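Enquirer: Handing you a structure now.
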Amino acid sequence: MDKQEALKTYFGHSSFRDGQEALVDAILRGQDAFGIMPTSGGKSLCYQLPAVMMEGVAIIISPLISLMKDQVMALKNMGIAAAYINSSLSSEQMVTAYRNMQNGLYKIVYIAPERLMGEGFASILHDMKISLIAVDEAHCISQWGQDFRPSYLKIVDFIESLPQRPTLAAFTATATKQVREDIVRILKLQDPLSIVTGFDRPNLYYHVLKPNKKASTLRSLISSRRNKSGIVYCATRALVESVCDDLCDMGVPATRYHAGLSDEERRQNQDDFIHDHKSVMVATNAFGMGIDKSNVSFVIHYNMPKSLEAYYQEAGRAGRDGEKADCILMYSAGDINTAKFLIANPSDNNELNSDERRLVMEQDYKRLDTMVSYAKTTDCLRGYILDYFGQVHDFGYNNGQISYETEQQKLNDINQNELREQPHINGCGNCSNCQTEFQKVDITAQAQMILSCIKRASDKLGYTLGATLITQILCGSAEKRVISLGLDGLTTYGLMKGTNKALVRDYIEHLLSTGYLLTNNYGSLELSDISRNVLYNDEKVYMSQIKPYAADKYPSSKETQVSGILLDGDESQQNSTYSQPIEDTSLYEELRQLRYKLAQLENVPAYIVFSNASLADMARKAPRTMTEFLNVSGVGEVKASRYGKAFVDAINAFID
């Protein structure tokens with residue numbers, strides 16, 4: 001069986017995706033390989049297909065128990081003998097797995113890195129033919145990565161302990177240039193074929209919202225997606241509980257996941273979501289890494305994550321089947337302090353020593369700055385992500401040709417180039433910034449008022465204040481603390497009275513993002529060295545604003561339309577419309593119901609039977625014979641023999 005036959009027979013595809021064939025060919029000829037491919041880009045096939053064709057057993061190293069289970073379940077469903085070895089197995093199950101390995105019953109075995117040097121496993125492999133070792137989530141080996149795991153460093157010792165070095169392959173979806181260099185160096189990849197297929201996910205719609213009331217905004221977003229499967233990420237366990245309760249109270253079939261739950265409850269809740277018994281999962285970032293659920297149509301971040309890598313990875317759990325999906329970030333200034341607290345008080349990765357922990361923390365703070373800039377930018381959101389990962393593109397300001405070290409450099413370039421006054425002409429067209437018209441506004445006077453207020457308040461009190469109090473002073477608030485501290489006696493008190501407080505906060509956020517303001521460890525505002533230029537040297541400050549709303553007409557309506565619905569009490573300036581999947585056809589719905597019944601009978605997630613993309617292709621082609629059914633994307637011979645008759649009969653009955 002050649003690679004094309006194996007591709008169709010087992011995986012149901014007639015052609016490879018970008019980069020897959022070259023990586024498969026390299027592995028088949030015994031060359032090391034390194035694939036950097038986006039989430040849902042088809043990394044797994046790059047090592048699963050060669051494993052099926054090569055003599056011996058392929059060892060797949062992964063840190064994710066949930067992914068191992070999903071992948072093994074899917075492989076068995078395709079007729080490929082596979083198993084996993086991790087802490088979820090009992091001693092008896094472990095012995096059985098080892099015995100089956102020795103008897104050559106598996107083509108693919110997944111294992112956690114902690115188990116590689118465990119008693120029994122390494123000794124078994126000494127007498128076995130290993131076709132391939134593949135390292136998934138390879139970025140975990142680098143201290144510069146956002147998920148550094150010291151256990152990954154044991155992989156090198158494991159490989160060197162083997163009688164013969166097999167072909168080695170590494171794969172990741174989130175790796176900057178520095179992390180990629182680390183992976184090649186630490187794993188000692190030998191002349192690897194390295195392929196970066198890109199980080200773009202064209203089917204994902206990126207949106208940043210800045211709502212005043214997150215709870216009501218979330219309710220509206222979920223209400224418009226009643227029949228869709230999605231994930232809501234929250235920064236803390238307490239928020240997970242309250243958000244999940246709120247959604248359940250409004251009749252949404254939601255469940256929850258965080259480290260404070262028992263193992264049994266986490267497992268049950270995850271299964272409920274995977275098997276579509278619950279449509280919405282509310283979770284901390286403890287959930288999802290490696291979850292292979294393909295029919296997630298939206299991911300909403302209730303709080304901003306700590307890094308752009310984390311956001312890209314978590315948002316990327318939407319649309320894995322290739323269908324259109326929404327990635328929505330609900331940002332507020334308070335998210336920054338929450339993220340800083342979580343960085344300073346890590347609850348995981350106890351393997352790190354003090355030096356490693358310090359280094360990781362330093363990198364985490366730098367990554368947080370990048371994430372904050374993403375939430376604040378008016379440039380193309382897709383372009384911002386691709387810039388970060390070093391991918392050339394033609395979205396947004398720089399058209400993929402200029403790499404900016406800081407947002408200030410980019411802003412300076414924009415301000416000096418009048419041709420870029422309409423910055424989103426070359427945007428991706430599929431993110432909220434590119435669907436919103438901006439204009440450049442001179443806010444020098446407002447900046448001077450804010451900077452002066454911060455300085456005068458600090459001079460009076462002997463310490464600095466946060467953005468909330470500064471905003472209250474400028475707007476002439478009679479709040480108790482403003483009066484008790486005597487801040488109503490400042491010359492800057494009430495200077496911006498009549499200006500919407502949300503707009504004043506936006507001005508402050510902009511001054512922070514452009515370096516005119518800094519925050520200390522307590523979140524208080526401090527003047528930077530360059531702020532003197534604005535106060536005393538007439539330096540101009542410009543800010544991009546949504547065009548319909550001039551500086552003195554910031555939106556204050558109690559209803560802002562998003563996704564064709566009304567967000568009660570939301571004063572967000574965003575008014576774009578989310579991309580929505582094409583309406584389900586009646587045949588598609590018929591096939592979806594059949595898939596659900598078959599999945600229930602076999603006690604597997606619905607997407608294990610067929611993905612949404614396969615169902616959509618099935619509905620378009622409407623195959624009426626088994627021969628025609630094999631032409632559906634994602635339908636291999638094993639799945640056709642198992643499910644084909646049921647689906648063909650349903651299609652014929654529907655058409656007739």
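Labels used: A, B, ... for chains in the order of the structure tokens, numbers from 1 for residues in each chain, and numbers from 1 for ligands as shown.
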Can you build me a table of stretch 303-362 of chain A residues sitting at most 9 Å from stretch 131-146 of chain A, with the closest atom pair per residue and its distance in Å to one decimal, using only C-alpha atoms, sorted by chain and residue number, as a Markdown table?
Expert:
```
| residue | atom | partner | partner_atom | distance |
| --- | --- | --- | --- | --- |
| A:Ser307 | CA | A:Gln146 | CA | 7.6 |
| A:Glu309 | CA | A:Gln146 | CA | 6.9 |
| A:Ala310 | CA | A:Gln146 | CA | 7.4 |
| A:Glu356 | CA | A:Gln143 | CA | 7.7 |
| A:Leu359 | CA | A:Gln143 | CA | 7.8 |
| A:Val360 | CA | A:Gln143 | CA | 6.8 |
```
Enquirer: Extract, using only C-alpha atoms, all DNA, RNA and protein residues at most 12 Å from A:Arg115, discarding same-chain residues fewer than 5 positions from it, and format them as an MDAnalysis selection string.
Expert: chainID A and resid 59:63 84:89 94 110 120:122 151:152 154:155 158
Enquirer: Keeping C-alpha atoms for every residue in the selection just given, could you write it to a file as a CSV table (one decimal), in the first residue's frame?
Expert:
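Below is the file that was written, part_1.csv:
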```
chain,number,residue,atom,x,y,z
A,59,ILE,CA,6.1,6.0,19.8
A,60,ILE,CA,4.2,9.4,20.1
A,61,ILE,CA,5.3,11.5,23.1
A,62,SER,CA,2.5,13.8,24.3
A,63,PRO,CA,1.9,15.6,27.6
A,84,TYR,CA,-1.8,4.9,25.2
A,85,ILE,CA,0.3,4.7,28.3
A,86,ASN,CA,-0.2,7.3,31.0
A,87,SER,CA,-1.3,7.7,34.6
A,88,SER,CA,-4.9,7.0,33.9
A,89,LEU,CA,-4.2,3.3,33.4
A,94,MET,CA,-0.5,-1.2,32.0
A,110,TYR,CA,1.1,7.3,22.8
A,120,GLY,CA,9.4,-1.6,32.2
A,121,PHE,CA,8.8,0.7,29.2
A,122,ALA,CA,12.4,1.3,28.1
A,151,SER,CA,9.9,16.4,31.8
A,152,TYR,CA,10.3,17.1,28.1
A,154,LYS,CA,14.0,13.6,29.6
A,155,ILE,CA,13.1,12.8,25.9
A,158,PHE,CA,15.3,8.3,26.5
```
Enquirer: Find the spatial neighbours of A:Gly35, counting only C-alpha atoms, within a cut-off of 9 Å - ignore same-chain residues fewer than 6 positions away - and output them as a ChimeraX atom specification.
Expert: /A:19-20,23,43,46,169-173,193-197
Enquirer: Using only C-alpha atoms, can you tell me which of A:Asn103, A:Gln190, A:Thr464, A:Asn203 comes closest to A:Gly30?
Expert: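 Between A:Asn103, A:Gln190, A:Thr464, A:Asn203, the residue approaching A:Gly30 most closely is A:Gln190.
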Enquirer: Measuring between only C-alpha atoms, which one of A:Leu308, A:Met361, A:Val609, A:Leu261 shows the shortest distance to A:Gly636?
Expert: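 The shortest atom-to-atom distance to A:Gly636 comes from A:Val609.
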Enquirer: Excluding A:Thr519 and its own-chain neighbours fewer than 2 positions away, which residues fall within 10 Å of it when counting only C-alpha atoms? Please give them as a PDB file with N, CA and C atoms, in the first residue's frame.
Expert:
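Wrote out_25.pdb, looks like this:
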```pdb
ATOM      1  N   THR A 464       1.233  57.114  43.984  1.00  0.00           N
ATOM      2  CA  THR A 464       0.494  57.153  42.713  1.00  0.00           C
ATOM      3  C   THR A 464      -0.863  56.480  42.838  1.00  0.00           C
ATOM      4  N   LEU A 465      -1.746  56.808  41.922  1.00  0.00           N
ATOM      5  CA  LEU A 465      -3.110  56.290  41.935  1.00  0.00           C
ATOM      6  C   LEU A 465      -3.369  55.423  40.704  1.00  0.00           C
ATOM      7  N   GLY A 466      -4.434  54.643  40.782  1.00  0.00           N
ATOM      8  CA  GLY A 466      -4.830  53.804  39.661  1.00  0.00           C
ATOM      9  C   GLY A 466      -5.698  54.562  38.668  1.00  0.00           C
ATOM     10  N   ALA A 467      -6.007  53.912  37.563  1.00  0.00           N
ATOM     11  CA  ALA A 467      -6.756  54.550  36.481  1.00  0.00           C
ATOM     12  C   ALA A 467      -8.160  54.962  36.912  1.00  0.00           C
ATOM     13  N   LEU A 512      -0.820  54.219  27.893  1.00  0.00           N
ATOM     14  CA  LEU A 512      -0.058  53.074  28.397  1.00  0.00           C
ATOM     15  C   LEU A 512       0.552  52.283  27.249  1.00  0.00           C
ATOM     16  N   LEU A 517       2.701  56.346  29.557  1.00  0.00           N
ATOM     17  CA  LEU A 517       2.397  55.983  30.939  1.00  0.00           C
ATOM     18  C   LEU A 517       2.934  54.587  31.233  1.00  0.00           C
ATOM     19  N   ASN A 521       3.942  47.701  40.165  1.00  0.00           N
ATOM     20  CA  ASN A 521       3.487  46.366  40.565  1.00  0.00           C
ATOM     21  C   ASN A 521       2.110  46.378  41.203  1.00  0.00           C
ATOM     22  N   TYR A 522       1.646  47.562  41.620  1.00  0.00           N
ATOM     23  CA  TYR A 522       0.332  47.666  42.262  1.00  0.00           C
ATOM     24  C   TYR A 522      -0.746  48.136  41.283  1.00  0.00           C
ATOM     25  N   GLY A 523      -0.351  48.307  40.027  1.00  0.00           N
ATOM     26  CA  GLY A 523      -1.316  48.735  39.014  1.00  0.00           C
ATOM     27  C   GLY A 523      -1.537  50.237  38.978  1.00  0.00           C
ATOM     28  N   SER A 524      -0.749  51.000  39.737  1.00  0.00           N
ATOM     29  CA  SER A 524      -0.891  52.459  39.742  1.00  0.00           C
ATOM     30  C   SER A 524      -0.181  53.066  38.538  1.00  0.00           C
ATOM     31  N   LEU A 525      -0.658  54.254  38.133  1.00  0.00           N
ATOM     32  CA  LEU A 525      -0.123  54.916  36.942  1.00  0.00           C
ATOM     33  C   LEU A 525       1.070  55.797  37.287  1.00  0.00           C
ATOM     34  N   GLU A 526       2.107  55.721  36.445  1.00  0.00           N
ATOM     35  CA  GLU A 526       3.285  56.556  36.624  1.00  0.00           C
ATOM     36  C   GLU A 526       3.675  57.163  35.285  1.00  0.00           C
ATOM     37  N   LEU A 527       4.233  58.393  35.324  1.00  0.00           N
ATOM     38  CA  LEU A 527       4.689  59.032  34.097  1.00  0.00           C
ATOM     39  C   LEU A 527       5.988  58.378  33.629  1.00  0.00           C
ATOM     40  N   SER A 528       6.113  58.201  32.315  1.00  0.00           N
ATOM     41  CA  SER A 528       7.362  57.687  31.759  1.00  0.00           C
ATOM     42  C   SER A 528       8.258  58.865  31.385  1.00  0.00           C
TER      43      SER A 528
END
```
Enquirer: From a DSSP pass on the backbone, collect the residues of stretch 6-209 of chain A flagged as strand (DSSP E or B) and hand them back as a ChimeraX atom specification.
Expert: /A:33-36,57-61,82-85,108-111,130-135,168-172,193-196,204-209
Enquirer: Based on the selection just made, write C-alpha atoms of those residues as a PDB file, in the first residue's frame.
Expert:
```pdb
ATOM      1  CA  ALA A  33      11.335  16.098  10.453  1.00  0.00           C
ATOM      2  CA  PHE A  34      10.075  19.247  12.157  1.00  0.00           C
ATOM      3  CA  GLY A  35       6.576  20.527  11.401  1.00  0.00           C
ATOM      4  CA  ILE A  36       5.183  23.851  12.609  1.00  0.00           C
ATOM      5  CA  VAL A  57       5.689   0.523  16.337  1.00  0.00           C
ATOM      6  CA  ALA A  58       5.648   4.347  16.391  1.00  0.00           C
ATOM      7  CA  ILE A  59       6.068   6.036  19.784  1.00  0.00           C
ATOM      8  CA  ILE A  60       4.207   9.350  20.085  1.00  0.00           C
ATOM      9  CA  ILE A  61       5.260  11.493  23.059  1.00  0.00           C
ATOM     10  CA  ALA A  82      -3.252   1.991  18.796  1.00  0.00           C
ATOM     11  CA  ALA A  83      -2.896   2.402  22.564  1.00  0.00           C
ATOM     12  CA  TYR A  84      -1.792   4.928  25.178  1.00  0.00           C
ATOM     13  CA  ILE A  85       0.303   4.663  28.309  1.00  0.00           C
ATOM     14  CA  ILE A 108       1.028   3.487  17.335  1.00  0.00           C
ATOM     15  CA  VAL A 109       1.569   3.976  21.076  1.00  0.00           C
ATOM     16  CA  TYR A 110       1.075   7.329  22.822  1.00  0.00           C
ATOM     17  CA  ILE A 111       3.008   7.947  26.020  1.00  0.00           C
ATOM     18  CA  ILE A 130      10.679   1.249  16.627  1.00  0.00           C
ATOM     19  CA  SER A 131       9.590   2.810  13.353  1.00  0.00           C
ATOM     20  CA  LEU A 132       9.417   6.399  14.545  1.00  0.00           C
ATOM     21  CA  ILE A 133       9.485   8.649  17.606  1.00  0.00           C
ATOM     22  CA  ALA A 134       7.270  11.725  17.261  1.00  0.00           C
ATOM     23  CA  VAL A 135       7.281  14.545  19.831  1.00  0.00           C
ATOM     24  CA  LEU A 168      12.720  11.505  15.069  1.00  0.00           C
ATOM     25  CA  ALA A 169       9.965  14.013  14.290  1.00  0.00           C
ATOM     26  CA  ALA A 170       8.755  17.053  16.236  1.00  0.00           C
ATOM     27  CA  PHE A 171       5.524  19.001  15.841  1.00  0.00           C
ATOM     28  CA  THR A 172       4.017  22.150  17.345  1.00  0.00           C
ATOM     29  CA  LEU A 193      13.206  18.696   7.020  1.00  0.00           C
ATOM     30  CA  SER A 194      11.665  21.776   8.654  1.00  0.00           C
ATOM     31  CA  ILE A 195       8.358  23.048   7.334  1.00  0.00           C
ATOM     32  CA  VAL A 196       6.374  26.024   8.613  1.00  0.00           C
ATOM     33  CA  LEU A 204     -11.609  31.826  12.355  1.00  0.00           C
ATOM     34  CA  TYR A 205     -13.097  35.272  12.928  1.00  0.00           C
ATOM     35  CA  TYR A 206     -11.145  37.231  15.569  1.00  0.00           C
ATOM     36  CA  HIS A 207     -13.002  39.828  17.617  1.00  0.00           C
ATOM     37  CA  VAL A 208     -12.031  41.988  20.600  1.00  0.00           C
ATOM     38  CA  LEU A 209     -14.868  43.410  22.688  1.00  0.00           C
TER      39      LEU A 209
END
```
Enquirer: So which bits of stretch 94-270 of chain A end up alpha helix (DSSP H) when you DSSP the backbone, as a PyMOL selection string?
Expert: chain A and resi 94-102+121-125+154-161+177-187+214-223+237-249+263-270
Enquirer: Give me, as a list in words, all polymer residues having an atom no more than 8 Å from A:Asn285, counting only C-alpha atoms and skipping those fewer than 3 positions away in the same chain.
Expert: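 The neighbour list is Tyr233, Cys234, Ala235, His258, Gly288 and Glu314 of chain A.
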Enquirer: Output the selection as a CSV table (one decimal), in the first residue's frame - N, CA, C and O atoms for each residue.
Expert:
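So again.csv came out as:
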```csv
chain,number,residue,atom,x,y,z
A,233,TYR,N,-13.7,30.7,28.3
A,233,TYR,CA,-12.6,30.6,29.2
A,233,TYR,C,-12.6,31.8,30.2
A,233,TYR,O,-12.8,32.9,29.8
A,234,CYS,N,-12.4,31.4,31.5
A,234,CYS,CA,-12.3,32.4,32.6
A,234,CYS,C,-11.0,32.3,33.3
A,234,CYS,O,-10.4,31.2,33.3
A,235,ALA,N,-10.5,33.4,33.9
A,235,ALA,CA,-9.2,33.4,34.5
A,235,ALA,C,-9.1,32.7,35.8
A,235,ALA,O,-8.1,32.2,36.2
A,258,HIS,N,-12.3,23.0,36.1
A,258,HIS,CA,-11.2,23.7,36.7
A,258,HIS,C,-10.5,22.7,37.6
A,258,HIS,O,-11.0,21.7,38.0
A,288,GLY,N,-8.7,21.8,27.8
A,288,GLY,CA,-8.7,22.0,26.4
A,288,GLY,C,-7.4,21.7,25.7
A,288,GLY,O,-7.4,21.4,24.5
A,314,GLU,N,-5.8,28.5,22.6
A,314,GLU,CA,-7.1,28.3,23.2
A,314,GLU,C,-8.2,28.7,22.2
A,314,GLU,O,-9.2,28.0,22.0
```
Enquirer: Could you tell me which of A:Cys475, A:Met68, A:Met330, A:Met78 comes closest to A:Thr9 if we count only C-alpha atoms?
Expert: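 The closest residue to A:Thr9 is A:Met78.
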